[in-house]
file model03.pdb (PDB, N, CA and C atoms)
MODEL        1
ATOM      1  N   MET A   1     -23.650  10.400 -22.544
ATOM      2  CA  MET A   1     -22.422   9.752 -22.946
ATOM      3  C   MET A   1     -22.667   9.008 -24.250
ATOM      4  N   LYS A   2     -21.790   9.209 -25.201
ATOM      5  CA  LYS A   2     -21.939   8.623 -26.520
ATOM      6  C   LYS A   2     -21.313   7.229 -26.548
ATOM      7  N   ILE A   3     -22.018   6.263 -27.130
ATOM      8  CA  ILE A   3     -21.489   4.902 -27.256
ATOM      9  C   ILE A   3     -20.753   4.813 -28.587
ATOM     10  N   TYR A   4     -19.483   4.449 -28.524
ATOM     11  CA  TYR A   4     -18.671   4.320 -29.721
ATOM     12  C   TYR A   4     -18.766   2.891 -30.247
ATOM     13  N   LYS A   5     -18.690   2.740 -31.569
ATOM     14  CA  LYS A   5     -18.822   1.430 -32.191
ATOM     15  C   LYS A   5     -17.700   0.493 -31.759
ATOM     16  N   TYR A   6     -16.494   1.014 -31.622
ATOM     17  CA  TYR A   6     -15.368   0.134 -31.286
ATOM     18  C   TYR A   6     -15.463  -0.369 -29.853
ATOM     19  N   SER A   7     -16.125   0.335 -28.965
ATOM     20  CA  SER A   7     -16.285  -0.176 -27.611
ATOM     21  C   SER A   7     -17.308  -1.308 -27.575
ATOM     22  N   VAL A   8     -18.327  -1.246 -28.418
ATOM     23  CA  VAL A   8     -19.305  -2.321 -28.506
ATOM     24  C   VAL A   8     -18.636  -3.569 -29.067
ATOM     25  N   ARG A   9     -17.776  -3.399 -30.069
ATOM     26  CA  ARG A   9     -17.036  -4.527 -30.639
ATOM     27  C   ARG A   9     -16.119  -5.158 -29.602
ATOM     28  N   ALA A  10     -15.499  -4.343 -28.784
ATOM     29  CA  ALA A  10     -14.602  -4.882 -27.752
ATOM     30  C   ALA A  10     -15.380  -5.710 -26.736
ATOM     31  N   VAL A  11     -16.555  -5.259 -26.358
ATOM     32  CA  VAL A  11     -17.376  -6.010 -25.402
ATOM     33  C   VAL A  11     -17.830  -7.325 -26.010
ATOM     34  N   ILE A  12     -18.256  -7.313 -27.266
ATOM     35  CA  ILE A  12     -18.685  -8.538 -27.928
ATOM     36  C   ILE A  12     -17.520  -9.512 -28.052
ATOM     37  N   THR A  13     -16.332  -9.014 -28.373
ATOM     38  CA  THR A  13     -15.152  -9.870 -28.480
ATOM     39  C   THR A  13     -14.819 -10.509 -27.142
ATOM     40  N   LEU A  14     -14.888  -9.749 -26.081
ATOM     41  CA  LEU A  14     -14.611 -10.307 -24.757
ATOM     42  C   LEU A  14     -15.638 -11.360 -24.365
ATOM     43  N   LEU A  15     -16.898 -11.120 -24.667
ATOM     44  CA  LEU A  15     -17.922 -12.102 -24.360
ATOM     45  C   LEU A  15     -17.714 -13.389 -25.148
ATOM     46  N   LEU A  16     -17.336 -13.277 -26.407
ATOM     47  CA  LEU A  16     -17.048 -14.473 -27.198
ATOM     48  C   LEU A  16     -15.854 -15.239 -26.644
ATOM     49  N   LEU A  17     -14.821 -14.520 -26.219
ATOM     50  CA  LEU A  17     -13.662 -15.180 -25.616
ATOM     51  C   LEU A  17     -14.047 -15.925 -24.344
ATOM     52  N   LEU A  18     -14.888 -15.312 -23.535
ATOM     53  CA  LEU A  18     -15.339 -15.980 -22.318
ATOM     54  C   LEU A  18     -16.145 -17.235 -22.619
ATOM     55  N   VAL A  19     -16.986 -17.174 -23.642
ATOM     56  CA  VAL A  19     -17.765 -18.348 -24.025
ATOM     57  C   VAL A  19     -16.843 -19.471 -24.489
ATOM     58  N   PHE A  20     -15.826 -19.142 -25.297
ATOM     59  CA  PHE A  20     -14.890 -20.158 -25.758
ATOM     60  C   PHE A  20     -14.103 -20.767 -24.602
ATOM     61  N   VAL A  21     -13.727 -19.955 -23.633
ATOM     62  CA  VAL A  21     -13.003 -20.480 -22.471
ATOM     63  C   VAL A  21     -13.878 -21.457 -21.702
ATOM     64  N   VAL A  22     -15.131 -21.104 -21.510
ATOM     65  CA  VAL A  22     -16.037 -21.996 -20.773
ATOM     66  C   VAL A  22     -16.281 -23.288 -21.539
ATOM     67  N   LEU A  23     -16.429 -23.200 -22.853
ATOM     68  CA  LEU A  23     -16.704 -24.390 -23.647
ATOM     69  C   LEU A  23     -15.512 -25.330 -23.738
ATOM     70  N   PHE A  24     -14.309 -24.784 -23.886
ATOM     71  CA  PHE A  24     -13.133 -25.613 -24.115
ATOM     72  C   PHE A  24     -12.334 -25.916 -22.854
ATOM     73  N   PHE A  25     -12.776 -25.441 -21.705
ATOM     74  CA  PHE A  25     -12.052 -25.716 -20.470
ATOM     75  C   PHE A  25     -11.996 -27.208 -20.129
ATOM     76  N   PRO A  26     -13.071 -27.957 -20.281
ATOM     77  CA  PRO A  26     -12.972 -29.398 -19.970
ATOM     78  C   PRO A  26     -11.975 -30.152 -20.852
ATOM     79  N   LEU A  27     -11.796 -29.714 -22.078
ATOM     80  CA  LEU A  27     -10.821 -30.366 -22.957
ATOM     81  C   LEU A  27      -9.396 -30.143 -22.482
ATOM     82  N   ALA A  28      -9.140 -29.013 -21.867
ATOM     83  CA  ALA A  28      -7.792 -28.643 -21.459
ATOM     84  C   ALA A  28      -7.544 -28.888 -19.981
ATOM     85  N   PHE A  29      -8.413 -29.617 -19.332
ATOM     86  CA  PHE A  29      -8.324 -29.774 -17.884
ATOM     87  C   PHE A  29      -7.041 -30.444 -17.427
ATOM     88  N   ASP A  30      -6.533 -31.421 -18.196
ATOM     89  CA  ASP A  30      -5.351 -32.167 -17.784
ATOM     90  C   ASP A  30      -4.052 -31.653 -18.394
ATOM     91  N   ASN A  31      -4.094 -30.654 -19.214
ATOM     92  CA  ASN A  31      -2.908 -30.195 -19.918
ATOM     93  C   ASN A  31      -2.375 -28.911 -19.286
ATOM     94  N   GLU A  32      -1.143 -28.957 -18.791
ATOM     95  CA  GLU A  32      -0.549 -27.790 -18.127
ATOM     96  C   GLU A  32      -0.205 -26.681 -19.117
ATOM     97  N   GLN A  33       0.145 -27.028 -20.345
ATOM     98  CA  GLN A  33       0.495 -26.021 -21.346
ATOM     99  C   GLN A  33      -0.701 -25.113 -21.655
ATOM    100  N   ILE A  34      -1.892 -25.682 -21.647
ATOM    101  CA  ILE A  34      -3.078 -24.885 -21.936
ATOM    102  C   ILE A  34      -3.297 -23.833 -20.853
ATOM    103  N   TYR A  35      -3.003 -24.206 -19.606
ATOM    104  CA  TYR A  35      -3.131 -23.233 -18.519
ATOM    105  C   TYR A  35      -2.183 -22.057 -18.730
ATOM    106  N   LYS A  36      -0.969 -22.337 -19.191
ATOM    107  CA  LYS A  36      -0.009 -21.262 -19.454
ATOM    108  C   LYS A  36      -0.498 -20.372 -20.597
ATOM    109  N   VAL A  37      -1.043 -20.989 -21.634
ATOM    110  CA  VAL A  37      -1.563 -20.217 -22.768
ATOM    111  C   VAL A  37      -2.710 -19.323 -22.317
ATOM    112  N   ILE A  38      -3.612 -19.866 -21.524
ATOM    113  CA  ILE A  38      -4.745 -19.077 -21.025
ATOM    114  C   ILE A  38      -4.254 -17.933 -20.146
ATOM    115  N   LEU A  39      -3.277 -18.211 -19.290
ATOM    116  CA  LEU A  39      -2.740 -17.172 -18.406
ATOM    117  C   LEU A  39      -2.092 -16.050 -19.202
ATOM    118  N   PHE A  40      -1.225 -16.402 -20.156
ATOM    119  CA  PHE A  40      -0.530 -15.374 -20.930
ATOM    120  C   PHE A  40      -1.485 -14.608 -21.845
ATOM    121  N   SER A  41      -2.455 -15.295 -22.425
ATOM    122  CA  SER A  41      -3.403 -14.583 -23.287
ATOM    123  C   SER A  41      -4.306 -13.666 -22.468
ATOM    124  N   SER A  42      -4.671 -14.077 -21.255
ATOM    125  CA  SER A  42      -5.482 -13.180 -20.429
ATOM    126  C   SER A  42      -4.681 -11.958 -19.993
ATOM    127  N   ILE A  43      -3.400 -12.135 -19.713
ATOM    128  CA  ILE A  43      -2.549 -10.987 -19.390
ATOM    129  C   ILE A  43      -2.464 -10.049 -20.589
ATOM    130  N   ALA A  44      -2.316 -10.615 -21.790
ATOM    131  CA  ALA A  44      -2.246  -9.788 -22.999
ATOM    132  C   ALA A  44      -3.556  -9.034 -23.227
ATOM    133  N   ILE A  45      -4.683  -9.690 -22.994
ATOM    134  CA  ILE A  45      -5.978  -9.031 -23.176
ATOM    135  C   ILE A  45      -6.123  -7.869 -22.198
ATOM    136  N   VAL A  46      -5.728  -8.081 -20.958
ATOM    137  CA  VAL A  46      -5.811  -7.006 -19.967
ATOM    138  C   VAL A  46      -4.914  -5.839 -20.362
ATOM    139  N   LEU A  47      -3.707  -6.116 -20.836
ATOM    140  CA  LEU A  47      -2.806  -5.045 -21.269
ATOM    141  C   LEU A  47      -3.377  -4.285 -22.461
ATOM    142  N   PHE A  48      -3.951  -5.013 -23.438
ATOM    143  CA  PHE A  48      -4.560  -4.334 -24.583
ATOM    144  C   PHE A  48      -5.747  -3.484 -24.161
ATOM    145  N   LEU A  49      -6.542  -3.958 -23.219
ATOM    146  CA  LEU A  49      -7.663  -3.148 -22.734
ATOM    147  C   LEU A  49      -7.184  -1.895 -22.006
ATOM    148  N   MET A  50      -6.121  -2.036 -21.233
ATOM    149  CA  MET A  50      -5.574  -0.863 -20.556
ATOM    150  C   MET A  50      -5.057   0.149 -21.568
ATOM    151  N   LEU A  51      -4.343  -0.314 -22.595
ATOM    152  CA  LEU A  51      -3.866   0.598 -23.638
ATOM    153  C   LEU A  51      -5.034   1.237 -24.385
ATOM    154  N   PHE A  52      -6.084   0.468 -24.625
ATOM    155  CA  PHE A  52      -7.276   0.990 -25.292
ATOM    156  C   PHE A  52      -7.922   2.094 -24.466
ATOM    157  N   LEU A  53      -8.055   1.866 -23.166
ATOM    158  CA  LEU A  53      -8.655   2.882 -22.300
ATOM    159  C   LEU A  53      -7.779   4.125 -22.200
ATOM    160  N   ILE A  54      -6.470   3.943 -22.170
ATOM    161  CA  ILE A  54      -5.564   5.094 -22.162
ATOM    162  C   ILE A  54      -5.699   5.874 -23.458
ATOM    163  N   TRP A  55      -5.793   5.146 -24.580
ATOM    164  CA  TRP A  55      -5.928   5.810 -25.871
ATOM    165  C   TRP A  55      -7.221   6.610 -25.932
ATOM    166  N   ILE A  56      -8.307   6.030 -25.461
ATOM    167  CA  ILE A  56      -9.589   6.748 -25.461
ATOM    168  C   ILE A  56      -9.506   7.984 -24.570
ATOM    169  N   ASN A  57      -8.933   7.827 -23.391
ATOM    170  CA  ASN A  57      -8.857   8.943 -22.450
ATOM    171  C   ASN A  57      -7.964  10.053 -22.985
ATOM    172  N   ALA A  58      -6.861   9.704 -23.605
ATOM    173  CA  ALA A  58      -5.900  10.715 -24.047
ATOM    174  C   ALA A  58      -6.327  11.401 -25.336
ATOM    175  N   PHE A  59      -6.763  10.631 -26.331
ATOM    176  CA  PHE A  59      -6.980  11.203 -27.651
ATOM    177  C   PHE A  59      -8.431  11.578 -27.918
ATOM    178  N   VAL A  60      -9.363  10.725 -27.596
ATOM    179  CA  VAL A  60     -10.760  11.015 -27.918
ATOM    180  C   VAL A  60     -11.282  12.163 -27.064
ATOM    181  N   SER A  61     -10.999  12.151 -25.776
ATOM    182  CA  SER A  61     -11.464  13.247 -24.936
ATOM    183  C   SER A  61     -10.737  14.547 -25.292
ATOM    184  N   HIS A  62      -9.469  14.443 -25.715
ATOM    185  CA  HIS A  62      -8.722  15.638 -26.122
ATOM    186  C   HIS A  62      -9.317  16.224 -27.397
ATOM    187  N   GLN A  63      -9.716  15.375 -28.342
ATOM    188  CA  GLN A  63     -10.338  15.863 -29.576
ATOM    189  C   GLN A  63     -11.682  16.514 -29.263
ATOM    190  N   ASN A  64     -12.445  15.954 -28.354
ATOM    191  CA  ASN A  64     -13.733  16.547 -27.997
ATOM    192  C   ASN A  64     -13.554  17.894 -27.323
ATOM    193  N   LYS A  65     -12.527  18.065 -26.509
ATOM    194  CA  LYS A  65     -12.260  19.353 -25.868
ATOM    195  C   LYS A  65     -11.894  20.393 -26.916
ATOM    196  N   ASN A  66     -11.118  20.000 -27.926
ATOM    197  CA  ASN A  66     -10.755  20.943 -28.973
ATOM    198  C   ASN A  66     -11.977  21.367 -29.781
ATOM    199  N   LYS A  67     -12.921  20.492 -30.014
ATOM    200  CA  LYS A  67     -14.122  20.833 -30.762
ATOM    201  C   LYS A  67     -14.990  21.818 -29.981
ATOM    202  N   ILE A  68     -14.994  21.674 -28.677
ATOM    203  CA  ILE A  68     -15.796  22.567 -27.840
ATOM    204  C   ILE A  68     -15.221  23.989 -27.855
ATOM    205  N   HIS A  69     -13.899  24.096 -27.793
ATOM    206  CA  HIS A  69     -13.261  25.410 -27.725
ATOM    207  C   HIS A  69     -13.217  26.113 -29.079
ATOM    208  N   ASN A  70     -13.280  25.380 -30.178
ATOM    209  CA  ASN A  70     -13.180  26.006 -31.507
ATOM    210  C   ASN A  70     -14.489  26.517 -31.986
TER     211      ASN A  70
ENDMDL
END

call {"tool": "encode", "arguments": {"input": "model03.pdb", "output": "C-alpha cells"}}
result
Amino acid sequence: MKIYKYSVRAVITLLLLLVFVVLFFPLAFDNEQIYKVILFSSIAIVLFLMLFLIWINAFVSHQNKNKIHN
C-alpha cells in the first residue's frame, strides 16, 4: 500500500489539533461558548475527513484501475 503525502499531512494536522485542544482546555473550562465551538469544529473535521475518504476511494482508486487496464 502506497503512502500518499496528503494523508500524512492530514494525520499531522489532526495530531496538532488534538494537542491544541488538550493545552487550551483548562482556559475554556468555564465558558459555554467554547464548548459549542469545539463541538461544531469537531463535527466539521469529521465531515471533511469523510469527504476526503470518499474522494480517495472514488477517484484515486478509479485512476489506479484505469492505469492497470491501459

call {"tool": "atom_distance", "arguments": {"input": "model03.pdb", "atom1": "atom CA of A:Ala58", "atom2": "atom CA of A:Leu15"}}
result
25.8 Å

call {"tool": "atom_distance", "arguments": {"input": "model03.pdb", "atom1": "atom CA of A:Val22", "atom2": "atom CA of A:Leu53"}}
result
26.0 Å

call {"tool": "atom_distance", "arguments": {"input": "model03.pdb", "atom1": "atom CA of A:Asn57", "atom2": "atom CA of A:Ser41"}}
result
24.2 Å

call {"tool": "closest_residue", "arguments": {"input": "model03.pdb", "among": "A:Trp55, A:Ile38, A:Val60, A:Phe48", "to": "A:Leu18", "atoms": "only C-alpha atoms"}}
result
A:Ile38

call {"tool": "build_atoms", "arguments": {"input": "model03.pdb", "residues": "stretch 36-47 of chain A", "atoms": "all heavy atoms", "output": "short mmCIF file (atom, residue, chain, number, x, y, z; two decimals), in the frame of the given file"}}
result
data_model
loop_
_atom_site.label_atom_id
_atom_site.label_comp_id
_atom_site.auth_asym_id
_atom_site.auth_seq_id
_atom_site.Cartn_x
_atom_site.Cartn_y
_atom_site.Cartn_z
N LYS A 36 -0.97 -22.34 -19.19
CA LYS A 36 -0.01 -21.26 -19.45
C LYS A 36 -0.50 -20.37 -20.60
O LYS A 36 -0.38 -19.15 -20.53
CB LYS A 36 1.35 -21.85 -19.80
CG LYS A 36 2.06 -22.46 -18.62
CD LYS A 36 3.41 -23.01 -19.02
CE LYS A 36 4.09 -23.70 -17.85
NZ LYS A 36 5.39 -24.27 -18.23
N VAL A 37 -1.04 -20.99 -21.63
CA VAL A 37 -1.56 -20.22 -22.77
C VAL A 37 -2.71 -19.32 -22.32
O VAL A 37 -2.77 -18.14 -22.68
CB VAL A 37 -2.01 -21.16 -23.90
CG1 VAL A 37 -2.79 -20.42 -24.97
CG2 VAL A 37 -0.80 -21.86 -24.51
N ILE A 38 -3.61 -19.87 -21.52
CA ILE A 38 -4.74 -19.08 -21.02
C ILE A 38 -4.25 -17.93 -20.15
O ILE A 38 -4.73 -16.80 -20.25
CB ILE A 38 -5.74 -19.98 -20.27
CG1 ILE A 38 -6.44 -20.92 -21.24
CG2 ILE A 38 -6.76 -19.15 -19.51
CD1 ILE A 38 -7.30 -21.97 -20.58
N LEU A 39 -3.28 -18.21 -19.29
CA LEU A 39 -2.74 -17.17 -18.41
C LEU A 39 -2.09 -16.05 -19.20
O LEU A 39 -2.39 -14.87 -19.00
CB LEU A 39 -1.73 -17.79 -17.43
CG LEU A 39 -1.04 -16.81 -16.50
CD1 LEU A 39 -2.04 -16.24 -15.50
CD2 LEU A 39 0.12 -17.47 -15.80
N PHE A 40 -1.23 -16.40 -20.16
CA PHE A 40 -0.53 -15.37 -20.93
C PHE A 40 -1.48 -14.61 -21.84
O PHE A 40 -1.34 -13.39 -22.01
CB PHE A 40 0.61 -15.99 -21.74
CG PHE A 40 1.75 -16.47 -20.88
CD1 PHE A 40 2.36 -17.68 -21.14
CD2 PHE A 40 2.22 -15.71 -19.82
CE1 PHE A 40 3.41 -18.13 -20.36
CE2 PHE A 40 3.25 -16.15 -19.03
CZ PHE A 40 3.86 -17.36 -19.30
N SER A 41 -2.46 -15.30 -22.42
CA SER A 41 -3.40 -14.58 -23.29
C SER A 41 -4.31 -13.67 -22.47
O SER A 41 -4.65 -12.58 -22.92
CB SER A 41 -4.22 -15.56 -24.12
OG SER A 41 -4.92 -16.43 -23.29
N SER A 42 -4.67 -14.08 -21.26
CA SER A 42 -5.48 -13.18 -20.43
C SER A 42 -4.68 -11.96 -19.99
O SER A 42 -5.22 -10.85 -19.94
CB SER A 42 -6.05 -13.92 -19.23
OG SER A 42 -5.01 -14.40 -18.40
N ILE A 43 -3.40 -12.14 -19.71
CA ILE A 43 -2.55 -10.99 -19.39
C ILE A 43 -2.46 -10.05 -20.59
O ILE A 43 -2.55 -8.82 -20.44
CB ILE A 43 -1.15 -11.46 -18.94
CG1 ILE A 43 -1.25 -12.14 -17.58
CG2 ILE A 43 -0.17 -10.30 -18.91
CD1 ILE A 43 0.03 -12.83 -17.14
N ALA A 44 -2.32 -10.62 -21.79
CA ALA A 44 -2.25 -9.79 -23.00
C ALA A 44 -3.56 -9.03 -23.23
O ALA A 44 -3.54 -7.85 -23.59
CB ALA A 44 -1.92 -10.66 -24.20
N ILE A 45 -4.68 -9.69 -22.99
CA ILE A 45 -5.98 -9.03 -23.18
C ILE A 45 -6.12 -7.87 -22.20
O ILE A 45 -6.57 -6.78 -22.57
CB ILE A 45 -7.12 -10.05 -23.02
CG1 ILE A 45 -7.15 -10.99 -24.20
CG2 ILE A 45 -8.47 -9.35 -22.87
CD1 ILE A 45 -8.06 -12.17 -24.02
N VAL A 46 -5.73 -8.08 -20.96
CA VAL A 46 -5.81 -7.01 -19.97
C VAL A 46 -4.91 -5.84 -20.36
O VAL A 46 -5.32 -4.67 -20.26
CB VAL A 46 -5.46 -7.54 -18.56
CG1 VAL A 46 -5.26 -6.41 -17.57
CG2 VAL A 46 -6.54 -8.48 -18.07
N LEU A 47 -3.71 -6.12 -20.84
CA LEU A 47 -2.81 -5.04 -21.27
C LEU A 47 -3.38 -4.28 -22.46
O LEU A 47 -3.32 -3.05 -22.51
CB LEU A 47 -1.43 -5.62 -21.61
CG LEU A 47 -0.60 -6.08 -20.42
CD1 LEU A 47 0.70 -6.72 -20.90
CD2 LEU A 47 -0.30 -4.92 -19.49
#
